[in-house]
Amino acid sequence: MDFSLNDIQQMMQDSAAKFIQNDYDFETRRGLSNSPAGYSEDNWKLFAELGWLALPIKEAYGGLDGDLVDTMVLQQEFGKGLLVEPYYATVLLGANLIQKQASDAQKLELLEPVVAGELKLALAHSEAQASFDVSQTKTRAEKQGDQYVLNGHKAVVLGAESADYLLVPARTSGVVGDAEGISLFLIDPKSAGVQLRGYATNDGLRAADIGLTEVTVPASSILGQADSAAPAIELVLNEAIVALGAEAVGIMEKLLAATSEYIKTRQQFDQPISRFQVLQHRLADMFMETEQAKSMVYFAAMEVAKGGSEASRVASMLKVKIGSAGRLVGQQAVQLHGGMGITDELDVGHFFKRLTCINNQLGTRDYHLQSLINKAAAG
Amino acid sequence: MKVLVAVKRVIDYNIKVRVKSDQSGVDLANVKMAMNPFCEIAVEEAVRLKEKGVADEVIVVSIGPKVAQEQIRTAMALGADRGILVETDEPLESLAIAKLLTKVVEVEQPGLVILGKQSIDADNNQTGQMLGALAGMSQGTFASEINVSENSVEVTREIDGGLQTLSLNLPAIITTDLRLNEPRYASLPNIMKAKRKPLDVKTPADFGVNVISGLKTLLVESPQERSAGVLVGSVSELVEKLKNEAKVI
């Protein structure tokens, strides 16, 4: 099977790699991460000019109609720079979900400003008891006339502070655990009753916990049909797992290269430590895990786009692989760098933190392993 | 005015170059290739001239194997309008390239030819100058600033110890230095458009140019590895070493 990228993907990869190399070195990224906004608005405008914000959006809404493989290529490069701009939150979760769930009129209204870099989004899907399984959503929306009143709590919503709109899944019918009965609301974070508590995550991104108390919105703020959002959310989250996987692979490649370079220069007992066979074995393990993770991302990028039950099985397989590979590669990179591997001044520890947070996003390795076991047991 | 830009396919500047084990050249197998960075600056300058309305067409030419089309497509993704590949698998010297470019200049009649000052693989720094001589055009090498007016172009050159500003009659040849501009990133819509832009493929025989080299590479060696430094105990020891070992004072 030919896994080489086509000309367009190759050039896009070159562009993204150059951007990361020239304008997004580790110190720049650290500065952005520590700034009040947590990212650069100038970079966001540049992403719009370069067409990156338009990548997965359909042409009818001003996008470039890219597929999951295109997203994978971009995310892999973003991983190498530990990108802090809310690309994942706005484009890969928010815009992608609008594209899959909203009505045509809503898509026209919301997607073009995203493509132009004028609108940011955040998907508030996770709750304390439901980081991945949207059927566990407890947040409720009660219909009162032609309005809905929302009450509930959302946890670790990435990019929420910078978002112009929150996409909030809430239960409009049924009980917790039902696949049906979830509606998707478009909510202005400045609405009365929305409490946003923002914070920096361990990997240097920005997230927020959101309280919804008697938040009253018109029925027209439901995206698409009421009670019907769960399948679209599930598909978007599965696609987001592929994007996270690609980002993780970019990070692992970077860690592997940095570690390999370092142990060739670090001297101990009058020789470079790369001459020690035990360390060579460790590096070989890192290489194997990175390559396996990469193959799994390629496979998932092709399979998940097809949707259906196989898509969520493959996404779970990928998340398991990324979880274990990321842990091994990250830990070995830190250990082989010695004490400085955990310092704030060196990027290695930051890459490891991001890998660890990727494992916690959209269901951990253990969660997805259990889900695969359950699926296998059910036949 | 037409602007012709020559671009070269070279090893990507991030790659650590390795010499082949038989020392006959450098190892190019499975190595990432890219556009020569100075050529990228040349493309950027031409595109900026077009954006300013000074140029109305930017033509990019490369000479080399079929895969050099990738670099032409990259140049078109940055904003060039059309491409010409003079396809040959022969190893080429600067003179052969300059002769081929002269023929392209005769056909296209550009008002301005912009080239990189040198390629990062062979570091010859010859092609632009040779082309100037062969085509009988005035040349401004190592340009750090360009201002085009009606019939002439003002070129600020980076020379030893300062800057020199020249005025050249058009048509002219310019070779770019590092500080002329900062090339843009190719945007996705432009990358997609580049795929549909015309790219002509020619051969040296079409221009009646013989590219057989008169040079033979005898030996390629890696530079000597830098040995580790030593810590000296005192200033007098340092002075002693500088005098007797390094023999610099």
# chains A, B, ... in the order shown; residues from 1 in each chain; ligands from 1
>>> interface_residues(of="chain A", to="chain B", cutoff="12 Å", atoms="only C-alpha atoms", output="ChimeraX atom specification")
/A:6-23,46-56,59,62-66,70,74,261,265,267,270-271
>>> write_last_selection(atoms="N, CA and C atoms", output="compact mmCIF listing (two decimals), in the first residue's frame")
# COMPACT_ATOMS: atom_id res chain seq x y z
N ASN A 6 0.39 13.02 -1.18
CA ASN A 6 0.32 13.60 -2.53
C ASN A 6 1.00 14.98 -2.54
N ASP A 7 1.13 15.55 -3.76
CA ASP A 7 1.87 16.81 -3.90
C ASP A 7 1.35 17.89 -2.98
N ILE A 8 0.01 17.99 -2.94
CA ILE A 8 -0.61 19.06 -2.15
C ILE A 8 -0.32 18.87 -0.66
N GLN A 9 -0.47 17.62 -0.21
CA GLN A 9 -0.20 17.34 1.21
C GLN A 9 1.27 17.60 1.54
N GLN A 10 2.13 17.23 0.59
CA GLN A 10 3.56 17.43 0.78
C GLN A 10 3.89 18.93 0.96
N MET A 11 3.28 19.75 0.08
CA MET A 11 3.56 21.19 0.15
C MET A 11 2.96 21.81 1.41
N MET A 12 1.78 21.31 1.80
CA MET A 12 1.15 21.82 3.02
C MET A 12 2.03 21.46 4.23
N GLN A 13 2.55 20.24 4.22
CA GLN A 13 3.43 19.80 5.30
C GLN A 13 4.69 20.68 5.35
N ASP A 14 5.24 20.97 4.18
CA ASP A 14 6.44 21.83 4.13
C ASP A 14 6.14 23.21 4.71
N SER A 15 4.99 23.78 4.31
CA SER A 15 4.60 25.10 4.81
C SER A 15 4.48 25.10 6.33
N ALA A 16 3.76 24.08 6.84
CA ALA A 16 3.54 24.01 8.29
C ALA A 16 4.85 23.79 9.02
N ALA A 17 5.71 22.92 8.46
CA ALA A 17 6.99 22.63 9.11
C ALA A 17 7.85 23.90 9.14
N LYS A 18 7.81 24.67 8.06
CA LYS A 18 8.60 25.91 8.01
C LYS A 18 8.09 26.92 9.02
N PHE A 19 6.75 27.01 9.11
CA PHE A 19 6.17 27.94 10.09
C PHE A 19 6.65 27.58 11.50
N ILE A 20 6.55 26.30 11.84
CA ILE A 20 6.96 25.86 13.18
C ILE A 20 8.45 26.15 13.39
N GLN A 21 9.24 25.86 12.38
CA GLN A 21 10.68 26.03 12.52
C GLN A 21 11.08 27.51 12.61
N ASN A 22 10.50 28.34 11.76
CA ASN A 22 10.93 29.75 11.71
C ASN A 22 10.26 30.64 12.74
N ASP A 23 8.97 30.41 12.97
CA ASP A 23 8.21 31.37 13.78
C ASP A 23 7.62 30.78 15.06
N LEU A 46 -2.74 34.55 10.51
CA LEU A 46 -1.89 33.89 9.52
C LEU A 46 -2.48 32.53 9.13
N PHE A 47 -3.00 31.80 10.12
CA PHE A 47 -3.60 30.49 9.81
C PHE A 47 -4.76 30.66 8.84
N ALA A 48 -5.52 31.75 9.04
CA ALA A 48 -6.65 32.01 8.13
C ALA A 48 -6.13 32.29 6.73
N GLU A 49 -5.09 33.14 6.63
CA GLU A 49 -4.51 33.45 5.31
C GLU A 49 -3.96 32.20 4.64
N LEU A 50 -3.34 31.34 5.42
CA LEU A 50 -2.73 30.14 4.84
C LEU A 50 -3.77 29.06 4.51
N GLY A 51 -5.01 29.30 4.88
CA GLY A 51 -6.08 28.35 4.55
C GLY A 51 -6.19 27.19 5.52
N TRP A 52 -5.41 27.23 6.61
CA TRP A 52 -5.45 26.09 7.54
C TRP A 52 -6.79 26.01 8.26
N LEU A 53 -7.40 27.19 8.53
CA LEU A 53 -8.69 27.17 9.24
C LEU A 53 -9.79 26.62 8.35
N ALA A 54 -9.54 26.63 7.02
CA ALA A 54 -10.57 26.19 6.07
C ALA A 54 -10.43 24.71 5.73
N LEU A 55 -9.34 24.11 6.20
CA LEU A 55 -8.98 22.77 5.70
C LEU A 55 -10.11 21.74 5.74
N PRO A 56 -10.71 21.44 6.91
CA PRO A 56 -11.69 20.35 6.90
C PRO A 56 -13.11 20.80 6.55
N GLU A 59 -16.44 23.02 0.68
CA GLU A 59 -16.28 24.17 -0.21
C GLU A 59 -17.50 25.10 -0.18
N GLY A 62 -17.08 27.89 2.17
CA GLY A 62 -15.83 28.64 2.10
C GLY A 62 -14.60 27.84 2.47
N GLY A 63 -14.78 26.53 2.63
CA GLY A 63 -13.66 25.69 3.04
C GLY A 63 -12.91 25.08 1.87
N LEU A 64 -11.99 24.19 2.20
CA LEU A 64 -11.14 23.58 1.17
C LEU A 64 -11.42 22.09 0.99
N ASP A 65 -12.41 21.58 1.74
CA ASP A 65 -12.86 20.22 1.52
C ASP A 65 -11.77 19.18 1.77
N GLY A 66 -10.89 19.45 2.71
CA GLY A 66 -9.83 18.47 3.01
C GLY A 66 -10.40 17.28 3.76
N ASP A 70 -5.56 14.88 5.37
CA ASP A 70 -5.01 16.24 5.32
C ASP A 70 -4.85 16.82 6.73
N LEU A 74 -1.32 18.09 8.91
CA LEU A 74 -1.17 19.38 9.59
C LEU A 74 -0.93 19.19 11.09
N GLU A 261 19.88 12.58 19.18
CA GLU A 261 20.93 13.58 19.03
C GLU A 261 21.70 13.76 20.35
N THR A 265 25.92 13.00 21.90
CA THR A 265 26.86 14.04 22.31
C THR A 265 27.20 13.97 23.80
N GLN A 267 28.71 12.81 27.01
CA GLN A 267 29.83 11.93 27.29
C GLN A 267 29.76 11.41 28.73
N ASP A 270 34.20 8.61 29.36
CA ASP A 270 35.04 8.93 28.19
C ASP A 270 34.45 8.51 26.85
N GLN A 271 33.16 8.37 26.76
CA GLN A 271 32.57 8.06 25.46
C GLN A 271 31.12 8.56 25.41
>>> select_by_dssp(residues="segment 80-217 of chain B", states="strand (DSSP E)", output="PyMOL selection string")
chain B and resi 82-87+112-116+138-148+152-159+162-169+172-176+199-202
>>> closest_residue(among="A:Ala160, A:Ala141, A:Leu110, A:Ala128", to="Gly38 of chain A", atoms="only C-alpha atoms")
A:Ala160
>>> closest_residue(among="A:Val149, A:Ala284, A:Ala243, A:Val329", to="Pro218 of chain A", atoms="only C-alpha atoms")
A:Val149
>>> decode(residues="segment 94-139 of chain A", atoms="N, CA and C atoms", output="mmCIF file, in the first residue's frame")
data_model
loop_
_atom_site.group_PDB
_atom_site.id
_atom_site.type_symbol
_atom_site.label_atom_id
_atom_site.label_comp_id
_atom_site.auth_asym_id
_atom_site.auth_seq_id
_atom_site.Cartn_x
_atom_site.Cartn_y
_atom_site.Cartn_z
ATOM 1 N N GLY A 94 -15.178 22.312 16.981
ATOM 2 C CA GLY A 94 -16.319 23.216 16.799
ATOM 3 C C GLY A 94 -16.843 23.254 15.380
ATOM 4 N N ALA A 95 -16.004 23.688 14.440
ATOM 5 C CA ALA A 95 -16.473 23.847 13.062
ATOM 6 C C ALA A 95 -16.867 22.505 12.460
ATOM 7 N N ASN A 96 -16.099 21.481 12.793
ATOM 8 C CA ASN A 96 -16.406 20.148 12.258
ATOM 9 C C ASN A 96 -17.772 19.660 12.739
ATOM 10 N N LEU A 97 -18.098 19.968 13.995
ATOM 11 C CA LEU A 97 -19.397 19.530 14.523
ATOM 12 C C LEU A 97 -20.542 20.342 13.900
ATOM 13 N N ILE A 98 -20.321 21.625 13.723
ATOM 14 C CA ILE A 98 -21.351 22.453 13.066
ATOM 15 C C ILE A 98 -21.614 21.894 11.666
ATOM 16 N N GLN A 99 -20.525 21.554 11.002
ATOM 17 C CA GLN A 99 -20.633 21.010 9.651
ATOM 18 C C GLN A 99 -21.457 19.727 9.606
ATOM 19 N N LYS A 100 -21.337 18.919 10.658
ATOM 20 C CA LYS A 100 -22.007 17.616 10.643
ATOM 21 C C LYS A 100 -23.408 17.662 11.251
ATOM 22 N N GLN A 101 -23.698 18.707 12.052
ATOM 23 C CA GLN A 101 -24.965 18.689 12.782
ATOM 24 C C GLN A 101 -25.912 19.838 12.424
ATOM 25 N N ALA A 102 -25.359 21.005 12.089
ATOM 26 C CA ALA A 102 -26.225 22.181 11.967
ATOM 27 C C ALA A 102 -27.020 22.179 10.658
ATOM 28 N N SER A 103 -28.024 23.064 10.600
ATOM 29 C CA SER A 103 -28.797 23.219 9.363
ATOM 30 C C SER A 103 -27.959 24.011 8.356
ATOM 31 N N ASP A 104 -28.369 23.998 7.085
ATOM 32 C CA ASP A 104 -27.607 24.706 6.049
ATOM 33 C C ASP A 104 -27.449 26.191 6.377
ATOM 34 N N ALA A 105 -28.540 26.788 6.843
ATOM 35 C CA ALA A 105 -28.485 28.223 7.146
ATOM 36 C C ALA A 105 -27.496 28.489 8.273
ATOM 37 N N GLN A 106 -27.519 27.636 9.297
ATOM 38 C CA GLN A 106 -26.593 27.813 10.423
ATOM 39 C C GLN A 106 -25.145 27.620 9.969
ATOM 40 N N LYS A 107 -24.933 26.643 9.086
ATOM 41 C CA LYS A 107 -23.570 26.410 8.585
ATOM 42 C C LYS A 107 -23.059 27.640 7.851
ATOM 43 N N LEU A 108 -23.932 28.188 6.985
ATOM 44 C CA LEU A 108 -23.520 29.376 6.220
ATOM 45 C C LEU A 108 -23.164 30.533 7.149
ATOM 46 N N GLU A 109 -23.979 30.688 8.186
ATOM 47 C CA GLU A 109 -23.780 31.811 9.100
ATOM 48 C C GLU A 109 -22.508 31.656 9.934
ATOM 49 N N LEU A 110 -22.193 30.421 10.341
ATOM 50 C CA LEU A 110 -21.110 30.234 11.313
ATOM 51 C C LEU A 110 -19.775 29.824 10.705
ATOM 52 N N LEU A 111 -19.802 29.061 9.614
ATOM 53 C CA LEU A 111 -18.533 28.494 9.131
ATOM 54 C C LEU A 111 -17.667 29.510 8.392
ATOM 55 N N GLU A 112 -18.300 30.383 7.623
ATOM 56 C CA GLU A 112 -17.481 31.358 6.880
ATOM 57 C C GLU A 112 -16.654 32.248 7.802
ATOM 58 N N PRO A 113 -17.244 32.763 8.897
ATOM 59 C CA PRO A 113 -16.409 33.542 9.833
ATOM 60 C C PRO A 113 -15.283 32.714 10.463
ATOM 61 N N VAL A 114 -15.514 31.410 10.675
ATOM 62 C CA VAL A 114 -14.430 30.565 11.203
ATOM 63 C C VAL A 114 -13.281 30.523 10.196
ATOM 64 N N VAL A 115 -13.636 30.294 8.922
ATOM 65 C CA VAL A 115 -12.632 30.222 7.858
ATOM 66 C C VAL A 115 -11.846 31.539 7.780
ATOM 67 N N ALA A 116 -12.547 32.648 7.974
ATOM 68 C CA ALA A 116 -11.905 33.963 7.874
ATOM 69 C C ALA A 116 -11.099 34.312 9.125
ATOM 70 N N GLY A 117 -11.187 33.473 10.143
ATOM 71 C CA GLY A 117 -10.429 33.729 11.363
ATOM 72 C C GLY A 117 -11.119 34.715 12.284
ATOM 73 N N GLU A 118 -12.421 34.956 12.056
ATOM 74 C CA GLU A 118 -13.140 35.964 12.845
ATOM 75 C C GLU A 118 -14.003 35.361 13.953
ATOM 76 N N LEU A 119 -14.102 34.046 13.961
ATOM 77 C CA LEU A 119 -14.970 33.412 14.955
ATOM 78 C C LEU A 119 -14.267 32.183 15.528
ATOM 79 N N LYS A 120 -14.275 32.125 16.877
ATOM 80 C CA LYS A 120 -13.685 30.939 17.505
ATOM 81 C C LYS A 120 -14.761 30.189 18.274
ATOM 82 N N LEU A 121 -14.553 28.902 18.402
ATOM 83 C CA LEU A 121 -15.564 28.051 19.013
ATOM 84 C C LEU A 121 -14.932 27.152 20.070
ATOM 85 N N ALA A 122 -15.777 26.615 20.937
ATOM 86 C CA ALA A 122 -15.308 25.592 21.873
ATOM 87 C C ALA A 122 -16.438 24.592 22.065
ATOM 88 N N LEU A 123 -16.082 23.324 22.100
ATOM 89 C CA LEU A 123 -17.084 22.288 22.298
ATOM 90 C C LEU A 123 -17.074 21.868 23.767
ATOM 91 N N ALA A 124 -18.183 22.167 24.450
ATOM 92 C CA ALA A 124 -18.279 21.861 25.881
ATOM 93 C C ALA A 124 -18.983 20.514 26.053
ATOM 94 N N HIS A 125 -18.277 19.456 25.665
ATOM 95 C CA HIS A 125 -18.933 18.139 25.699
ATOM 96 C C HIS A 125 -18.626 17.374 26.975
ATOM 97 N N SER A 126 -17.450 17.664 27.587
ATOM 98 C CA SER A 126 -17.064 16.785 28.682
ATOM 99 C C SER A 126 -17.655 17.250 30.010
ATOM 100 N N GLU A 127 -18.065 16.283 30.793
ATOM 101 C CA GLU A 127 -18.552 16.540 32.150
ATOM 102 C C GLU A 127 -17.750 15.645 33.083
ATOM 103 N N ALA A 128 -17.794 15.935 34.355
ATOM 104 C CA ALA A 128 -16.948 15.192 35.299
ATOM 105 C C ALA A 128 -17.124 13.684 35.131
ATOM 106 N N GLN A 129 -18.354 13.237 34.896
ATOM 107 C CA GLN A 129 -18.606 11.798 34.807
ATOM 108 C C GLN A 129 -18.582 11.312 33.352
ATOM 109 N N ALA A 130 -18.397 12.235 32.399
ATOM 110 C CA ALA A 130 -18.486 11.832 30.996
ATOM 111 C C ALA A 130 -17.465 12.603 30.174
ATOM 112 N N SER A 131 -16.232 12.045 30.087
ATOM 113 C CA SER A 131 -15.215 12.764 29.329
ATOM 114 C C SER A 131 -15.340 12.458 27.850
ATOM 115 N N PHE A 132 -15.920 11.322 27.533
ATOM 116 C CA PHE A 132 -15.959 10.933 26.128
ATOM 117 C C PHE A 132 -17.354 10.475 25.696
ATOM 118 N N ASP A 133 -18.020 9.709 26.566
ATOM 119 C CA ASP A 133 -19.309 9.124 26.191
ATOM 120 C C ASP A 133 -20.416 10.175 26.355
ATOM 121 N N VAL A 134 -20.885 10.678 25.216
ATOM 122 C CA VAL A 134 -21.827 11.799 25.268
ATOM 123 C C VAL A 134 -23.204 11.374 25.797
ATOM 124 N N SER A 135 -23.484 10.064 25.769
ATOM 125 C CA SER A 135 -24.781 9.608 26.294
ATOM 126 C C SER A 135 -24.843 9.789 27.816
ATOM 127 N N GLN A 136 -23.683 9.986 28.448
ATOM 128 C CA GLN A 136 -23.641 10.195 29.911
ATOM 129 C C GLN A 136 -23.889 11.651 30.294
ATOM 130 N N THR A 137 -24.198 12.501 29.314
ATOM 131 C CA THR A 137 -24.402 13.927 29.584
ATOM 132 C C THR A 137 -25.533 14.147 30.607
ATOM 133 N N LYS A 138 -25.201 14.907 31.671
ATOM 134 C CA LYS A 138 -26.214 15.186 32.706
ATOM 135 C C LYS A 138 -26.840 16.566 32.530
ATOM 136 N N THR A 139 -26.093 17.476 31.882
ATOM 137 C CA THR A 139 -26.610 18.827 31.680
ATOM 138 C C THR A 139 -27.974 18.741 30.982
#
